[in-house]
$ cat target.cif   # mmCIF, C-alpha atoms and all ligand atoms
data_target
#
loop_
_atom_site.label_atom_id
_atom_site.label_comp_id
_atom_site.auth_asym_id
_atom_site.auth_seq_id
_atom_site.Cartn_x
_atom_site.Cartn_y
_atom_site.Cartn_z
CA MET A 1 -8.30 3.23 15.48
CA THR A 2 -5.01 4.21 13.92
CA HIS A 3 -1.74 4.73 15.70
CA ASP A 4 0.60 7.47 14.63
CA VAL A 5 3.92 5.80 15.31
CA ARG A 6 5.83 8.98 14.45
CA GLN A 7 4.37 10.55 17.59
CA GLY A 8 5.95 7.98 19.84
CA ASP A 9 3.36 5.20 20.05
CA ARG A 10 5.49 2.28 18.98
CA SER A 11 3.64 -0.30 21.04
CA ALA A 12 1.28 -1.15 18.19
CA TRP A 13 3.89 -0.83 15.47
CA SER A 14 5.41 -3.76 13.67
CA PRO A 15 7.60 -3.25 10.61
CA LYS A 16 6.48 -4.09 7.12
CA ILE A 17 9.30 -5.55 5.08
CA VAL A 18 9.08 -6.28 1.37
CA ALA A 19 11.35 -8.96 -0.10
CA PHE A 20 12.07 -9.01 -3.82
CA VAL A 21 13.44 -12.47 -4.54
CA CYS A 22 14.46 -14.37 -7.64
CA ASN A 23 12.37 -17.33 -8.60
CA TRP A 24 15.16 -19.84 -9.02
CA CYS A 25 17.24 -19.64 -5.85
CA THR A 26 15.93 -17.44 -3.06
CA TYR A 27 12.25 -18.17 -3.55
CA THR A 28 12.98 -21.88 -3.39
CA GLY A 29 15.21 -21.32 -0.34
CA ALA A 30 12.41 -19.34 1.32
CA ASP A 31 9.99 -22.14 0.48
CA LEU A 32 12.40 -24.64 2.03
CA ALA A 33 12.55 -22.52 5.19
CA GLY A 34 8.75 -22.58 5.34
CA THR A 35 8.33 -26.30 4.68
CA SER A 36 11.10 -26.99 7.22
CA ARG A 37 9.05 -24.98 9.73
CA LEU A 38 11.96 -22.72 10.63
CA LYS A 39 10.96 -19.95 13.03
CA MET A 40 10.83 -16.63 11.23
CA GLU A 41 9.45 -13.21 12.00
CA PRO A 42 6.11 -12.72 10.21
CA ASN A 43 6.94 -9.22 8.91
CA VAL A 44 8.24 -10.11 5.46
CA ARG A 45 6.05 -10.13 2.32
CA VAL A 46 7.72 -11.91 -0.58
CA ILE A 47 7.47 -10.73 -4.17
CA LYS A 48 8.82 -13.28 -6.63
CA LEU A 49 10.62 -12.08 -9.76
CA PRO A 50 12.41 -14.07 -12.48
CA CYS A 51 15.88 -12.81 -11.48
CA SER A 52 17.49 -10.27 -9.12
CA SER A 53 18.35 -8.24 -12.23
CA ARG A 54 14.60 -7.66 -12.65
CA VAL A 55 14.56 -5.58 -9.45
CA ASN A 56 14.43 -2.03 -10.70
CA PRO A 57 15.72 0.39 -8.03
CA LEU A 58 12.43 2.23 -8.42
CA PHE A 59 10.66 -0.86 -6.99
CA ILE A 60 12.61 -0.30 -3.77
CA ILE A 61 11.90 3.41 -3.61
CA LYS A 62 8.23 2.73 -4.39
CA ALA A 63 8.08 0.14 -1.60
CA PHE A 64 9.24 2.77 0.91
CA GLU A 65 6.77 5.30 -0.52
CA ARG A 66 3.96 2.78 -0.07
CA GLY A 67 4.68 2.11 3.60
CA ALA A 68 7.46 -0.46 3.76
CA ASP A 69 9.90 0.03 6.63
CA GLY A 70 12.50 -2.27 5.14
CA VAL A 71 13.34 -4.06 1.91
CA ILE A 72 15.19 -7.28 1.16
CA VAL A 73 16.59 -8.06 -2.27
CA SER A 74 17.86 -11.57 -2.76
CA GLY A 75 18.88 -13.82 -5.62
CA CYS A 76 21.28 -16.55 -6.63
CA HIS A 77 24.89 -16.64 -5.52
CA THR A 78 27.59 -15.29 -7.81
CA GLY A 79 27.98 -17.60 -10.77
CA ASP A 80 24.63 -19.36 -10.15
CA CYS A 81 22.26 -16.90 -11.83
CA HIS A 82 20.00 -18.78 -14.22
CA TYR A 83 20.36 -15.93 -16.68
CA SER A 84 24.12 -16.03 -16.44
CA THR A 85 25.04 -12.50 -15.36
CA GLY A 86 21.77 -11.12 -13.95
CA ASN A 87 23.03 -10.92 -10.38
CA PHE A 88 26.19 -9.08 -11.49
CA HIS A 89 24.01 -6.39 -13.04
CA ALA A 90 21.86 -6.31 -9.91
CA ARG A 91 24.85 -5.90 -7.63
CA ARG A 92 26.24 -3.03 -9.67
CA ARG A 93 22.85 -1.31 -9.68
CA PHE A 94 22.44 -1.68 -5.92
CA SER A 95 25.78 -0.12 -5.11
CA ILE A 96 24.49 3.04 -6.78
CA LEU A 97 21.12 2.69 -5.04
CA HIS A 98 22.82 2.94 -1.64
CA ASP A 99 23.95 6.49 -2.46
CA LEU A 100 20.53 7.39 -3.82
CA LEU A 101 18.72 6.16 -0.71
CA HIS A 102 21.15 8.04 1.51
CA PHE A 103 20.47 11.19 -0.52
CA MET A 104 16.72 10.62 -0.09
CA GLY A 105 17.02 10.28 3.67
CA VAL A 106 16.50 6.52 3.91
CA ASP A 107 18.94 4.72 6.18
CA ASN A 108 20.86 2.11 4.18
CA ASP A 109 20.39 -0.33 7.06
CA ARG A 110 16.77 -0.62 5.97
CA VAL A 111 17.82 -2.46 2.83
CA THR A 112 19.33 -5.93 2.90
CA PHE A 113 20.99 -7.51 -0.10
CA ALA A 114 21.61 -11.22 0.29
CA TRP A 115 22.39 -14.16 -1.92
CA VAL A 116 20.43 -17.24 -0.87
CA SER A 117 20.43 -20.52 -2.78
CA ALA A 118 17.61 -23.04 -3.07
CA SER A 119 19.20 -25.23 -0.40
CA GLU A 120 19.77 -22.42 2.11
CA GLY A 121 16.54 -22.33 4.06
CA ASN A 122 18.57 -21.58 7.20
CA LYS A 123 20.23 -18.61 5.56
CA TRP A 124 16.84 -17.24 4.50
CA GLN A 125 15.69 -17.58 8.10
CA GLU A 126 18.71 -15.55 9.24
CA VAL A 127 18.14 -12.87 6.61
CA VAL A 128 14.48 -12.48 7.62
CA ASN A 129 15.10 -12.44 11.37
CA GLU A 130 18.15 -10.17 11.26
CA THR A 131 16.54 -7.70 8.87
CA THR A 132 13.38 -7.56 10.97
CA ALA A 133 15.39 -6.99 14.17
CA ARG A 134 17.43 -4.21 12.53
CA VAL A 135 14.37 -2.45 11.12
CA LYS A 136 12.57 -2.72 14.47
CA GLN A 137 15.56 -0.98 16.02
CA LEU A 138 15.41 1.81 13.42
CA GLY A 139 11.68 2.35 13.85
CA PRO A 140 9.17 3.38 11.19
CA VAL A 141 10.29 5.17 8.05
CA ALA A 142 8.43 8.29 7.07
CA ALA A 143 10.81 10.07 4.71
CA LEU A 144 9.26 8.87 1.44
CA GLU A 145 5.68 8.36 2.47
CA GLU A 146 3.28 9.07 -0.41
CA LYS A 147 0.45 11.47 0.15
CA GLY A 148 -2.54 9.36 1.02
CA GLY A 149 -0.39 6.22 1.33
CA ALA A 150 -1.70 3.58 3.70
CA ARG A 151 0.21 2.85 6.94
FE1 LIG A 201 18.50 -15.83 -9.53
FE2 LIG A 201 19.33 -14.38 -11.65
S1 LIG A 201 18.10 -16.14 -11.63
S2 LIG A 201 19.64 -14.00 -9.53
#
$ encode --input "target.cif" --output "structure tokens"
Amino acid sequence: MTHDVRQGDRSAWSPKIVAFVCNWCTYTGADLAGTSRLKMEPNVRVIKLPCSSRVNPLFIIKAFERGADGVIVSGCHTGDCHYSTGNFHARRRFSILHDLLHFMGVDNDRVTFAWVSASEGNKWQEVVNETTARVKQLGPVAALEEKGGAR
């Protein structure tokens, strides 16, 4: 049985959130959060990439098209990128993405950009829990849903 959450049945709905994280800092921080058994919402699916600069804005748009209700992008802090300036490029790209998402009808509050180091398991916990709470508040996204896309 499927539930059409756009018709008001939110009782069975739980947001899907995709996290694009860099391998060197945030992934390790997320791993630390897990091994430290920090309590986190179970809504986030992590996709590991070499660097935040590898996150093409189209990945984010595609995630929404394929049924994500929220997206997290996270990498190393300023000055800590293992490829030197990758996160600078990422930050510049994402400031433009905000305008693009707005134009496409996706609320910018559905996208979280955060810098989380390998030792910041607690910060990763906060990012996950706060993003999940915010997206729950916003409800499901339908603006970019692909034809035939799974919900
Ligand atoms: Fe982490 Fe570049 S390696 S942001």
$ closest_atom_pairs --input "target.cif" --of "chain A" --to "ligand LIG 201 (chain A)" --cutoff "7 Å" --atoms "all atoms listed in the file" --output "Markdown table"
| residue | atom | partner | partner_atom | distance |
| --- | --- | --- | --- | --- |
| A:Cys22 | CA | A:LIG201 | FE1 | 4.7 |
| A:Asn23 | CA | A:LIG201 | FE1 | 6.4 |
| A:Trp24 | CA | A:LIG201 | FE1 | 5.2 |
| A:Cys25 | CA | A:LIG201 | FE1 | 5.4 |
| A:Pro50 | CA | A:LIG201 | S1 | 6.1 |
| A:Cys51 | CA | A:LIG201 | FE2 | 3.8 |
| A:Ser52 | CA | A:LIG201 | S2 | 4.3 |
| A:Ser53 | CA | A:LIG201 | FE2 | 6.2 |
| A:Gly75 | CA | A:LIG201 | S2 | 4.0 |
| A:Cys76 | CA | A:LIG201 | FE1 | 4.1 |
| A:Cys81 | CA | A:LIG201 | FE2 | 3.9 |
| A:His82 | CA | A:LIG201 | S1 | 4.2 |
| A:Tyr83 | CA | A:LIG201 | FE2 | 5.4 |
| A:Ser84 | CA | A:LIG201 | FE2 | 7.0 |
| A:Gly86 | CA | A:LIG201 | FE2 | 4.7 |
| A:Asn87 | CA | A:LIG201 | S2 | 4.7 |
$ closest_residue --input "target.cif" --among "A:Asn129, A:Trp124, A:Val18, A:Ser11" --to "Phe64 of chain A" --atoms "all atoms listed in the file"
A:Val18
$ atom_distance --input "target.cif" --atom1 "atom CA of Ala30 of chain A" --atom2 "atom CA of Trp115 of chain A"
11.7 Å
$ residues_around --input "target.cif" --residues "Arg134 of chain A" --least-positions-apart "4" --cutoff "8 Å" --atoms "all atoms listed in the file" --output "list in words"
Asp109, Arg110, Glu130 and Leu138 of chain A
$ residues_around --input "target.cif" --residues "Leu38 of chain A" --least-positions-apart "5" --cutoff "10 Å" --atoms "all atoms listed in the file" --output "list in words"
Ala30, Leu32, Ala33, Gly121, Asn122, Trp124, Gln125 and Glu126 of chain A
$ write_last_selection --input "target.cif" --atoms "C-alpha atoms" --output "short mmCIF file (atom, residue, chain, number, x, y, z; two decimals), in the frame of the given file"
data_model
loop_
_atom_site.label_atom_id
_atom_site.label_comp_id
_atom_site.auth_asym_id
_atom_site.auth_seq_id
_atom_site.Cartn_x
_atom_site.Cartn_y
_atom_site.Cartn_z
CA ALA A 30 12.41 -19.34 1.32
CA LEU A 32 12.40 -24.64 2.03
CA ALA A 33 12.55 -22.52 5.19
CA GLY A 121 16.54 -22.33 4.06
CA ASN A 122 18.57 -21.58 7.20
CA TRP A 124 16.84 -17.24 4.50
CA GLN A 125 15.69 -17.58 8.10
CA GLU A 126 18.71 -15.55 9.24
#
$ atom_distance --input "target.cif" --atom1 "atom CA of Thr26 of chain A" --atom2 "atom CA of Ile96 of chain A"
22.5 Å
$ residues_around --input "target.cif" --residues "Val55 of chain A" --least-positions-apart "4" --cutoff "9 Å" --atoms "only C-alpha atoms" --output "VMD selection string"
chain A and resid 20 to 22 49 51 59 to 60 73 90
$ closest_residue --input "target.cif" --among "A:Ile47, A:Ile61, A:Ala142, A:Val128" --to "Phe113 of chain A" --atoms "only C-alpha atoms"
A:Val128
